[in-house]
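Visitor: Next up, my_file_5.csv (CSV, C-alpha atoms).
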```csv
chain,number,residue,atom,x,y,z
S,187,MET,CA,254.7,272.8,234.9
S,188,SER,CA,255.0,272.6,238.7
S,189,ARG,CA,254.2,269.4,240.4
S,190,ARG,CA,253.4,269.0,244.1
S,191,MET,CA,255.3,266.3,245.9
S,192,SER,CA,253.5,266.1,249.2
S,193,GLU,CA,249.9,266.2,250.4
S,194,THR,CA,250.9,267.4,253.9
S,195,ALA,CA,249.6,270.8,255.1
S,196,SER,CA,251.2,274.0,254.1
S,197,VAL,CA,253.9,275.8,256.1
S,198,ARG,CA,252.8,276.9,259.5
S,199,SER,CA,254.3,278.8,262.4
S,200,PHE,CA,253.8,278.2,266.1
S,201,ASP,CA,252.8,280.3,269.1
S,202,SER,CA,255.0,278.1,271.3
S,203,ILE,CA,258.3,276.2,270.7
S,204,PRO,CA,257.3,273.2,268.6
S,205,THR,CA,258.2,269.6,269.1
S,206,MET,CA,260.6,267.7,266.8
S,207,ALA,CA,257.6,266.1,265.2
S,208,ASP,CA,256.1,269.6,264.4
S,209,VAL,CA,259.4,270.7,262.8
S,210,GLU,CA,259.6,267.6,260.7
S,211,ALA,CA,256.0,267.9,259.6
S,212,THR,CA,256.6,271.5,258.6
S,213,LEU,CA,259.6,270.7,256.5
S,214,GLY,CA,257.6,267.9,254.8
S,215,CYS,CA,254.7,270.1,253.8
S,216,VAL,CA,253.5,270.9,250.3
S,217,ASP,CA,255.0,274.4,250.0
S,218,MET,CA,258.5,273.1,251.0
S,219,ASN,CA,258.6,270.2,248.5
S,220,GLN,CA,257.6,271.4,245.1
S,221,ARG,CA,259.1,270.5,241.7
S,222,TYR,CA,259.1,272.4,238.4
S,223,GLU,CA,259.7,270.8,235.0
S,224,LEU,CA,261.9,272.9,232.8
S,225,TYR,CA,261.5,273.0,229.0
S,226,SER,CA,264.5,270.7,228.8
S,227,GLY,CA,262.6,268.1,230.8
S,228,ARG,CA,264.9,268.4,233.8
S,229,LEU,CA,263.1,268.8,237.2
S,230,VAL,CA,264.1,271.3,239.9
S,231,SER,CA,262.8,271.4,243.4
S,232,PHE,CA,261.8,274.5,245.2
S,233,ALA,CA,260.0,275.9,248.3
S,234,GLU,CA,257.6,278.8,248.8
S,235,VAL,CA,257.3,280.6,252.2
S,236,GLY,CA,255.7,283.8,253.4
S,237,HIS,CA,252.5,285.5,252.4
S,238,PRO,CA,250.6,283.5,249.8
S,239,CYS,CA,249.8,286.7,247.8
S,240,GLY,CA,253.0,288.6,248.6
S,241,HIS,CA,255.4,290.2,246.3
S,242,PRO,CA,257.7,287.6,244.8
S,243,VAL,CA,261.3,287.3,246.0
S,244,PHE,CA,263.9,284.8,244.7
S,245,CYS,CA,266.3,283.8,247.5
S,246,PHE,CA,269.6,282.1,246.8
S,247,LEU,CA,271.1,280.2,249.7
S,248,GLY,CA,274.7,279.3,250.5
S,249,LEU,CA,277.0,276.5,249.6
S,250,GLY,CA,275.0,273.2,249.2
S,251,CYS,CA,272.1,274.6,251.3
S,252,MET,CA,268.7,273.2,250.4
S,253,ARG,CA,265.3,274.8,250.1
S,254,TYR,CA,264.5,273.7,253.7
S,255,TYR,CA,266.6,276.6,255.1
S,256,SER,CA,264.0,279.1,253.7
S,257,ILE,CA,261.7,278.1,256.6
S,258,ILE,CA,263.5,280.4,258.8
S,259,LEU,CA,262.3,283.3,256.7
S,260,GLU,CA,258.6,282.3,256.9
S,261,ASP,CA,257.3,284.6,259.7
S,262,LEU,CA,259.2,287.8,258.6
S,263,ALA,CA,258.2,287.2,255.0
S,264,PHE,CA,254.6,287.0,255.9
S,265,LYS,CA,254.8,290.1,258.1
S,266,HIS,CA,256.2,292.1,255.2
S,267,SER,CA,253.8,290.6,252.6
S,268,LEU,CA,256.5,288.9,250.6
S,269,ARG,CA,256.5,285.5,248.9
S,270,ILE,CA,259.9,283.8,249.0
S,271,TYR,CA,260.9,281.3,246.3
S,272,CYS,CA,263.9,279.2,247.1
S,273,ILE,CA,265.2,276.9,244.3
S,274,ASP,CA,267.5,273.9,244.8
S,275,ARG,CA,270.4,274.2,242.4
S,276,PRO,CA,271.1,271.2,240.2
S,277,GLY,CA,272.1,268.1,242.1
S,278,VAL,CA,270.8,269.5,245.4
S,279,GLY,CA,267.6,268.3,247.1
S,280,MET,CA,265.3,266.9,244.5
S,281,SER,CA,266.7,268.9,241.6
S,282,GLN,CA,268.1,266.7,238.9
S,283,ALA,CA,271.9,267.1,238.4
S,284,ALA,CA,273.5,269.0,235.6
S,285,ASP,CA,276.9,268.6,234.0
S,286,PRO,CA,279.2,270.3,236.5
S,287,GLU,CA,281.6,271.4,233.7
S,288,SER,CA,278.9,273.3,231.9
S,289,TRP,CA,277.1,274.7,234.9
S,290,THR,CA,277.4,278.4,235.4
S,291,PRO,CA,275.6,281.0,237.6
S,292,LEU,CA,274.1,282.5,234.4
S,293,ARG,CA,272.3,279.2,233.8
S,294,MET,CA,270.7,279.6,237.1
S,295,ALA,CA,269.4,283.0,235.9
S,296,GLU,CA,267.8,281.2,233.0
S,297,ILE,CA,266.1,278.8,235.3
S,298,VAL,CA,264.7,281.7,237.4
S,299,GLU,CA,263.5,283.4,234.2
S,300,GLU,CA,261.8,280.2,233.0
S,301,MET,CA,260.1,279.6,236.3
S,302,ALA,CA,259.0,283.2,236.7
S,303,ASN,CA,257.4,283.0,233.2
S,304,GLY,CA,255.7,279.7,234.2
S,305,PHE,CA,254.3,281.3,237.3
S,306,ASN,CA,253.3,284.5,235.4
S,307,ILE,CA,255.6,286.5,237.6
S,308,GLN,CA,256.5,289.6,235.6
S,309,LYS,CA,258.6,291.4,238.3
S,310,PHE,CA,260.5,290.1,241.3
S,311,SER,CA,263.2,290.9,243.8
S,312,VAL,CA,266.4,288.9,244.6
S,313,MET,CA,268.5,288.3,247.6
S,314,GLY,CA,271.4,286.0,248.3
S,315,HIS,CA,273.5,284.6,251.1
S,316,SER,CA,277.2,283.5,250.9
S,317,CYS,CA,277.8,281.8,247.6
S,318,GLY,CA,274.1,282.4,246.8
S,319,ALA,CA,275.2,285.9,246.1
S,320,ILE,CA,276.9,284.8,242.9
S,321,TYR,CA,273.5,283.6,241.6
S,322,ALA,CA,271.6,286.6,242.8
S,323,MET,CA,274.1,288.9,241.0
S,324,ALA,CA,273.8,286.7,237.8
S,325,CYS,CA,270.1,287.4,237.9
S,326,ALA,CA,270.7,291.1,238.5
S,327,LEU,CA,272.8,291.1,235.3
S,328,ARG,CA,270.7,288.9,233.1
S,329,LEU,CA,267.2,289.8,234.3
S,330,LYS,CA,267.7,293.5,235.2
S,331,PRO,CA,264.5,294.8,233.6
S,332,ARG,CA,262.4,292.4,235.7
S,333,ILE,CA,264.0,293.1,239.1
S,334,VAL,CA,262.4,295.5,241.5
S,335,GLY,CA,264.6,297.7,243.6
S,336,THR,CA,267.9,296.7,245.2
S,337,VAL,CA,269.9,293.4,245.1
S,338,TRP,CA,270.3,292.3,248.7
S,339,LEU,CA,273.3,290.3,249.8
S,340,MET,CA,274.5,288.8,253.1
S,341,SER,CA,278.1,287.6,253.5
S,342,PRO,CA,278.6,287.6,249.7
S,343,TRP,CA,281.1,285.3,248.1
S,344,VAL,CA,283.7,286.9,245.8
S,345,HIS,CA,286.6,285.6,243.9
S,346,LEU,CA,289.4,284.0,246.0
S,347,THR,CA,291.9,286.6,244.9
S,348,ILE,CA,289.7,289.3,246.3
S,349,ALA,CA,288.5,287.5,249.4
S,350,LYS,CA,292.1,286.7,250.4
S,351,ARG,CA,291.0,283.5,252.1
S,352,MET,CA,292.0,279.9,251.5
S,353,LYS,CA,294.8,280.7,249.0
S,354,TRP,CA,296.2,277.3,249.6
S,355,ILE,CA,293.4,275.8,247.5
S,356,LYS,CA,295.0,277.2,244.4
S,357,HIS,CA,298.1,275.0,245.0
S,358,MET,CA,296.1,271.8,245.2
S,359,PRO,CA,295.9,269.5,242.1
S,360,THR,CA,292.6,270.0,240.3
S,361,THR,CA,292.0,266.2,240.2
S,362,LEU,CA,292.2,266.1,244.0
S,363,LEU,CA,289.7,269.0,244.3
S,364,LYS,CA,287.3,267.2,242.0
S,365,SER,CA,287.3,264.1,244.2
S,366,GLN,CA,284.2,263.4,246.2
S,367,SER,CA,286.0,263.1,249.6
S,368,THR,CA,288.1,266.3,249.2
S,369,ALA,CA,285.2,268.3,247.8
S,370,SER,CA,283.0,267.1,250.7
S,371,LEU,CA,285.6,268.2,253.2
S,372,LEU,CA,285.9,271.6,251.7
S,373,TYR,CA,282.2,271.9,251.5
S,374,LYS,CA,281.9,271.3,255.2
S,375,SER,CA,284.7,273.8,256.1
S,376,LEU,CA,283.0,276.5,254.0
S,377,SER,CA,279.4,276.0,255.0
S,378,VAL,CA,279.7,275.2,258.7
S,379,ALA,CA,279.5,278.9,259.7
S,380,ALA,CA,276.3,279.3,257.7
S,381,LYS,CA,274.7,276.2,259.1
S,382,GLU,CA,275.4,276.8,262.7
S,383,PRO,CA,272.9,279.1,264.4
S,384,PRO,CA,274.4,282.2,266.1
S,385,CYS,CA,275.0,282.5,269.8
S,386,LYS,CA,272.1,282.8,272.2
S,387,SER,CA,272.5,286.5,272.5
S,388,ASP,CA,271.7,287.0,268.8
S,389,PRO,CA,268.1,287.9,267.8
S,390,ASN,CA,266.1,284.8,267.0
S,391,ILE,CA,264.6,284.7,263.6
S,392,LEU,CA,261.9,282.2,264.3
S,393,ASN,CA,260.0,280.8,267.2
S,394,TYR,CA,261.7,277.4,266.7
S,395,ASP,CA,264.0,275.5,268.9
S,396,ARG,CA,267.1,276.0,266.8
S,397,GLU,CA,268.7,272.8,267.8
S,398,LYS,CA,265.7,270.8,266.7
S,399,LEU,CA,265.3,272.9,263.5
S,400,VAL,CA,268.9,272.5,262.4
S,401,LYS,CA,268.9,268.8,263.2
S,402,ALA,CA,265.8,268.3,261.1
S,403,MET,CA,267.1,270.2,258.2
S,404,LEU,CA,270.4,268.4,258.2
S,405,GLN,CA,268.6,265.1,258.3
S,406,ASP,CA,266.5,266.1,255.4
S,407,ASN,CA,269.6,267.3,253.5
S,408,LEU,CA,271.3,264.0,253.9
S,409,ALA,CA,268.2,262.1,252.9
S,410,GLU,CA,268.2,263.8,249.5
S,411,SER,CA,270.9,264.6,247.1
S,412,LEU,CA,273.9,266.7,247.9
S,413,GLU,CA,275.8,266.0,244.7
S,414,GLY,CA,275.2,269.6,243.7
S,415,ALA,CA,277.2,270.8,246.7
S,416,ASN,CA,280.3,269.9,244.8
S,417,ASN,CA,279.0,271.9,241.8
S,418,ASP,CA,278.6,274.9,244.0
S,419,LEU,CA,282.1,274.4,245.3
S,420,MET,CA,283.5,274.2,241.8
S,421,VAL,CA,281.6,277.5,240.9
S,422,CYS,CA,283.0,279.2,244.0
S,423,LEU,CA,286.5,278.2,243.2
S,424,GLU,CA,286.0,278.8,239.5
S,425,LEU,CA,287.9,275.6,238.7
S,426,TYR,CA,286.1,274.8,235.4
S,427,HIS,CA,285.6,278.3,234.3
S,428,SER,CA,284.9,281.8,235.6
S,429,PHE,CA,281.5,283.1,236.9
S,430,GLY,CA,280.9,284.2,233.3
S,431,PHE,CA,280.5,287.8,234.4
S,432,SER,CA,281.9,290.4,236.8
S,433,TYR,CA,280.1,291.9,239.8
S,434,LYS,CA,281.2,295.2,238.4
S,435,ASP,CA,278.9,294.6,235.4
S,436,VAL,CA,275.8,294.8,237.7
S,437,THR,CA,274.4,298.3,237.5
S,438,LEU,CA,271.4,297.8,239.8
S,439,PRO,CA,271.8,299.1,243.4
S,440,VAL,CA,273.4,296.5,245.7
S,441,HIS,CA,273.2,296.4,249.5
S,442,VAL,CA,275.7,294.2,251.3
S,443,PHE,CA,275.5,293.0,254.9
S,444,TRP,CA,278.7,291.7,256.5
S,445,GLY,CA,279.5,290.6,260.0
S,446,THR,CA,282.8,291.6,261.8
S,447,LYS,CA,283.2,288.0,262.9
S,448,ASP,CA,282.7,286.4,259.5
S,449,ALA,CA,285.3,283.6,259.3
S,450,VAL,CA,284.6,283.0,255.5
S,451,ILE,CA,284.4,286.4,253.8
S,452,SER,CA,287.0,289.0,254.6
S,453,LYS,CA,286.5,292.7,255.1
S,454,GLU,CA,288.7,293.3,252.0
S,455,ALA,CA,286.1,291.4,249.9
S,456,VAL,CA,283.1,293.5,250.8
S,457,ASP,CA,285.2,296.7,250.7
S,458,TRP,CA,286.1,295.8,247.1
S,459,MET,CA,282.4,295.5,246.3
S,460,GLU,CA,281.6,298.8,247.9
S,461,GLN,CA,284.4,300.5,246.0
S,462,ARG,CA,284.1,298.8,242.6
S,463,LEU,CA,280.3,298.3,242.1
S,464,PRO,CA,278.5,301.2,240.4
S,465,GLN,CA,275.9,301.4,243.2
S,466,CYS,CA,276.8,299.5,246.4
S,467,THR,CA,275.9,300.1,250.1
S,468,LEU,CA,277.8,298.3,252.8
S,469,SER,CA,276.2,297.6,256.2
S,470,VAL,CA,278.7,296.2,258.8
S,471,ILE,CA,277.1,294.1,261.5
S,472,GLU,CA,279.2,294.3,264.7
S,473,GLY,CA,279.8,290.8,266.0
S,474,GLY,CA,277.9,289.2,263.1
S,475,THR,CA,279.1,285.9,261.8
S,476,HIS,CA,278.8,284.3,258.4
S,477,GLY,CA,275.4,283.1,259.3
S,478,LEU,CA,273.6,286.4,258.9
S,479,LEU,CA,270.6,284.6,257.4
S,480,TRP,CA,269.8,283.5,260.9
S,481,ARG,CA,269.7,287.1,262.2
S,482,ALA,CA,266.2,288.5,262.5
S,483,ASP,CA,267.5,292.1,262.6
S,484,VAL,CA,269.4,291.7,259.3
S,485,VAL,CA,266.6,289.9,257.5
S,486,SER,CA,264.0,292.3,258.8
S,487,LYS,CA,266.0,295.2,257.4
S,488,ILE,CA,266.2,293.5,254.0
S,489,PHE,CA,262.5,292.6,253.9
S,490,LYS,CA,261.6,296.2,254.9
S,491,GLY,CA,263.8,297.5,252.1
S,492,ILE,CA,262.2,295.0,249.6
S,493,ALA,CA,258.7,296.0,250.7
S,494,SER,CA,259.5,299.7,250.3
S,495,SER,CA,260.9,299.1,246.8
S,496,TRP,CA,257.6,297.5,245.8
S,497,LYS,CA,255.6,300.4,247.3
S,498,LEU,CA,257.6,302.9,245.3
S,499,ALA,CA,257.4,300.8,242.1
S,500,GLU,CA,253.7,300.5,242.5
S,501,PHE,CA,253.4,304.3,243.1
S,502,GLU,CA,255.4,305.0,239.9
S,503,ARG,CA,253.3,302.5,237.9
S,504,SER,CA,250.1,304.1,239.1
S,505,LEU,CA,251.3,307.6,238.1
S,506,SER,CA,252.6,306.5,234.7
S,507,GLN,CA,249.2,304.8,234.0
S,508,ARG,CA,247.2,307.9,234.9
S,509,TRP,CA,249.4,310.8,233.8
S,510,SER,CA,252.5,311.6,231.8
S,511,ILE,CA,254.6,314.7,231.7
S,512,LYS,CA,253.4,315.3,228.1
S,513,GLN,CA,249.8,315.3,229.2
S,514,LEU,CA,250.4,318.0,231.8
S,515,GLY,CA,251.0,320.5,229.0
S,516,LEU,CA,253.7,323.0,228.5
S,517,ASN,CA,253.8,326.0,230.8
S,518,LYS,CA,256.3,327.7,233.1
S,519,HIS,CA,255.9,325.0,235.7
S,520,GLN,CA,256.5,322.1,233.4
S,521,SER,CA,260.2,321.9,234.1
S,522,TYR,CA,259.5,321.8,237.8
S,523,ARG,CA,257.1,318.9,237.3
S,524,SER,CA,259.6,317.1,235.1
S,525,SER,CA,262.4,317.4,237.6
S,526,THR,CA,260.2,316.2,240.4
S,527,TYR,CA,259.0,313.2,238.4
S,528,SER,CA,262.6,312.4,237.6
S,529,ALA,CA,263.5,312.6,241.3
S,530,VAL,CA,260.8,310.0,242.0
S,531,GLN,CA,262.1,307.7,239.3
S,532,GLN,CA,265.6,308.0,240.7
S,533,ALA,CA,264.4,307.3,244.2
S,534,ILE,CA,262.6,304.2,243.0
S,535,GLN,CA,265.8,303.0,241.2
S,536,THR,CA,267.8,303.4,244.4
S,537,SER,CA,265.1,302.2,246.7
S,538,ASN,CA,265.7,305.1,249.0
S,539,ILE,CA,262.3,305.8,250.5
S,540,TYR,CA,263.7,308.2,253.2
S,541,ASP,CA,264.9,310.7,250.6
S,542,THR,CA,261.6,310.7,248.7
S,543,GLN,CA,258.8,311.1,251.3
S,544,GLN,CA,258.4,314.8,250.6
S,545,THR,CA,259.1,314.4,246.9
S,546,LEU,CA,256.4,311.7,246.5
S,547,TYR,CA,253.9,313.9,248.3
S,548,GLN,CA,254.7,317.0,246.2
S,549,THR,CA,254.6,315.0,243.0
S,550,GLN,CA,251.2,313.5,243.8
S,551,GLN,CA,249.8,316.9,244.4
S,552,ILE,CA,251.1,318.1,241.1
S,553,PHE,CA,249.7,315.2,239.2
S,554,GLU,CA,246.3,315.4,241.0
S,555,ASP,CA,245.8,319.1,240.3
S,556,PRO,CA,248.5,320.5,238.0
S,557,ASP,CA,246.7,323.9,237.6
S,558,ARG,CA,247.4,324.7,241.2
S,559,PHE,CA,251.1,325.2,240.4
```
The structure given in the file should be rewritten as structure tokens.
Guide:
Amino acid sequence: MSRRMSETASVRSFDSIPTMADVEATLGCVDMNQRYELYSGRLVSFAEVGHPCGHPVFCFLGLGCMRYYSIILEDLAFKHSLRIYCIDRPGVGMSQAADPESWTPLRMAEIVEEMANGFNIQKFSVMGHSCGAIYAMACALRLKPRIVGTVWLMSPWVHLTIAKRMKWIKHMPTTLLKSQSTASLLYKSLSVAAKEPPCKSDPNILNYDREKLVKAMLQDNLAESLEGANNDLMVCLELYHSFGFSYKDVTLPVHVFWGTKDAVISKEAVDWMEQRLPQCTLSVIEGGTHGLLWRADVVSKIFKGIASSWKLAEFERSLSQRWSIKQLGLNKHQSYRSSTYSAVQQAIQTSNIYDTQQTLYQTQQIFEDPDRF
């Protein structure tokens, strides 16, 4: 069951730039500080932002980032009628720690499944930033039947041998990497790009003073547990074991956003994903850094894509409930209706609304009055 940890008001946005007190009050509100008790008895903390009745989306943040970072998605999520769930991984925030040697991304998928069941969420979308992409892809593999549309990734982490970055890590003794001080140093070097807001010329994602917002989030991060940041680091470096799956095993459509000034993820890494994944689209953001989560233009494209996927899925569900190809009867036009219906299903699977606007209209006309054709 979920348990509220604060009696402060829910998340709110501002018409003008808020004061530091406003920012701190927002981060301390009910929706930002919830906990859920798993069947095992372990507690995990999470935040909810966006439209209260919106379509559910599980968002996985980068290395050691806590649920507080989801606040930057609040306004755009509300605009697109989405409800963002952001879960603190074990040992991060108020989530109780797990054994780092047994923790894998696929176990995060199990937590998502359990929470979705607890909240009576049958279908949902997933998105991930940086090392959060590992967990988003784990969900895409383990929970495929429940995911709506495309898997959306920003600056996704891949294996070091593919990323071609920080090869020196492989030559360090494992005992040294496991130490708190060294892991903390590596954590800072990997996550600094994601935590620093982009330059002033970049589109702003929220009407917040970024300096105040980042300062408040970092203070709250330090006030809670960051033990899990080391767990994330061990997962990224695959020191205890591999991810437990390959990105190539994910058959759902995947859309990757990568910035040309990303200092963490190389172009070779995202090119590998585009070439090796069964269905992968790559969008290159000129001048974009590793912190694409802060880019309103990028997040807006993702949210528009998610909202379109839900519209298409709802349209298909509506048609399947009212009609079926079998009910239309067998005549010389049946094959045309079947192929059109198949085209709609394919479009929904690929979340390509642009290629299906005419097809959807034609299909609706056929289903509403099949005798006309």
Visitor: Could you list, as a PyMOL selection string, every residue within 10 Å of Val243 of chain S, counting all atoms listed in the file and ignoring same-chain residues fewer than 4 positions away?
Guide: chain S and resi 234-236+263+268-272+309-313+333-334+489+492
Visitor: Using the selection just defined, write its residues with C-alpha atoms as a JSON list (two decimals), in the coordinates of the input.
Guide:
```json
[["chain", "number", "residue", "atom", "x", "y", "z"],
["S", 234, "GLU", "CA", 257.60, 278.80, 248.80],
["S", 235, "VAL", "CA", 257.30, 280.60, 252.20],
["S", 236, "GLY", "CA", 255.70, 283.80, 253.40],
["S", 263, "ALA", "CA", 258.20, 287.20, 255.00],
["S", 268, "LEU", "CA", 256.50, 288.90, 250.60],
["S", 269, "ARG", "CA", 256.50, 285.50, 248.90],
["S", 270, "ILE", "CA", 259.90, 283.80, 249.00],
["S", 271, "TYR", "CA", 260.90, 281.30, 246.30],
["S", 272, "CYS", "CA", 263.90, 279.20, 247.10],
["S", 309, "LYS", "CA", 258.60, 291.40, 238.30],
["S", 310, "PHE", "CA", 260.50, 290.10, 241.30],
["S", 311, "SER", "CA", 263.20, 290.90, 243.80],
["S", 312, "VAL", "CA", 266.40, 288.90, 244.60],
["S", 313, "MET", "CA", 268.50, 288.30, 247.60],
["S", 333, "ILE", "CA", 264.00, 293.10, 239.10],
["S", 334, "VAL", "CA", 262.40, 295.50, 241.50],
["S", 489, "PHE", "CA", 262.50, 292.60, 253.90],
["S", 492, "ILE", "CA", 262.20, 295.00, 249.60]]
```
Visitor: What's the 8 Å shell around Pro464 of chain S, counting all atoms listed in the file, without same-chain residues fewer than 6 positions away, as a list of chain:residue names?
Guide: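 Counting only the stated atoms, we get S:Lys434, S:Val436, S:Thr437, S:Leu438, S:Pro439.
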Visitor: Suppose you want the space between atom CA of Ala499 of chain S and atom CA of His241 of chain S; what is it in Å?
Guide: 11.6 Å
Visitor: Mind pulling up the distance from atom CA of Cys245 of chain S to atom CA of Trp338 of chain S?
Guide: 9.5 Å
Visitor: Give me, please, the distance in Å between atom CA of Ala284 of chain S and atom CA of Val298 of chain S, quoted to one decimal.
Guide: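 That distance, rounded to one decimal, is 15.6 Å.
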Visitor: Check the smallest atom-to-atom distance from each of S:Leu505, S:Val344, S:Ile297, S:Leu479 to Ile257 of chain S using only C-alpha atoms, then report the winner.
Guide: S:Leu479
Visitor: With distances taken over only C-alpha atoms, which of S:Thr475, S:Asn417, S:Asn306, S:Ser231 is nearest to Thr446 of chain S?
Guide: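 Of the candidates, the smallest distance to Thr446 of chain S is held by S:Thr475.
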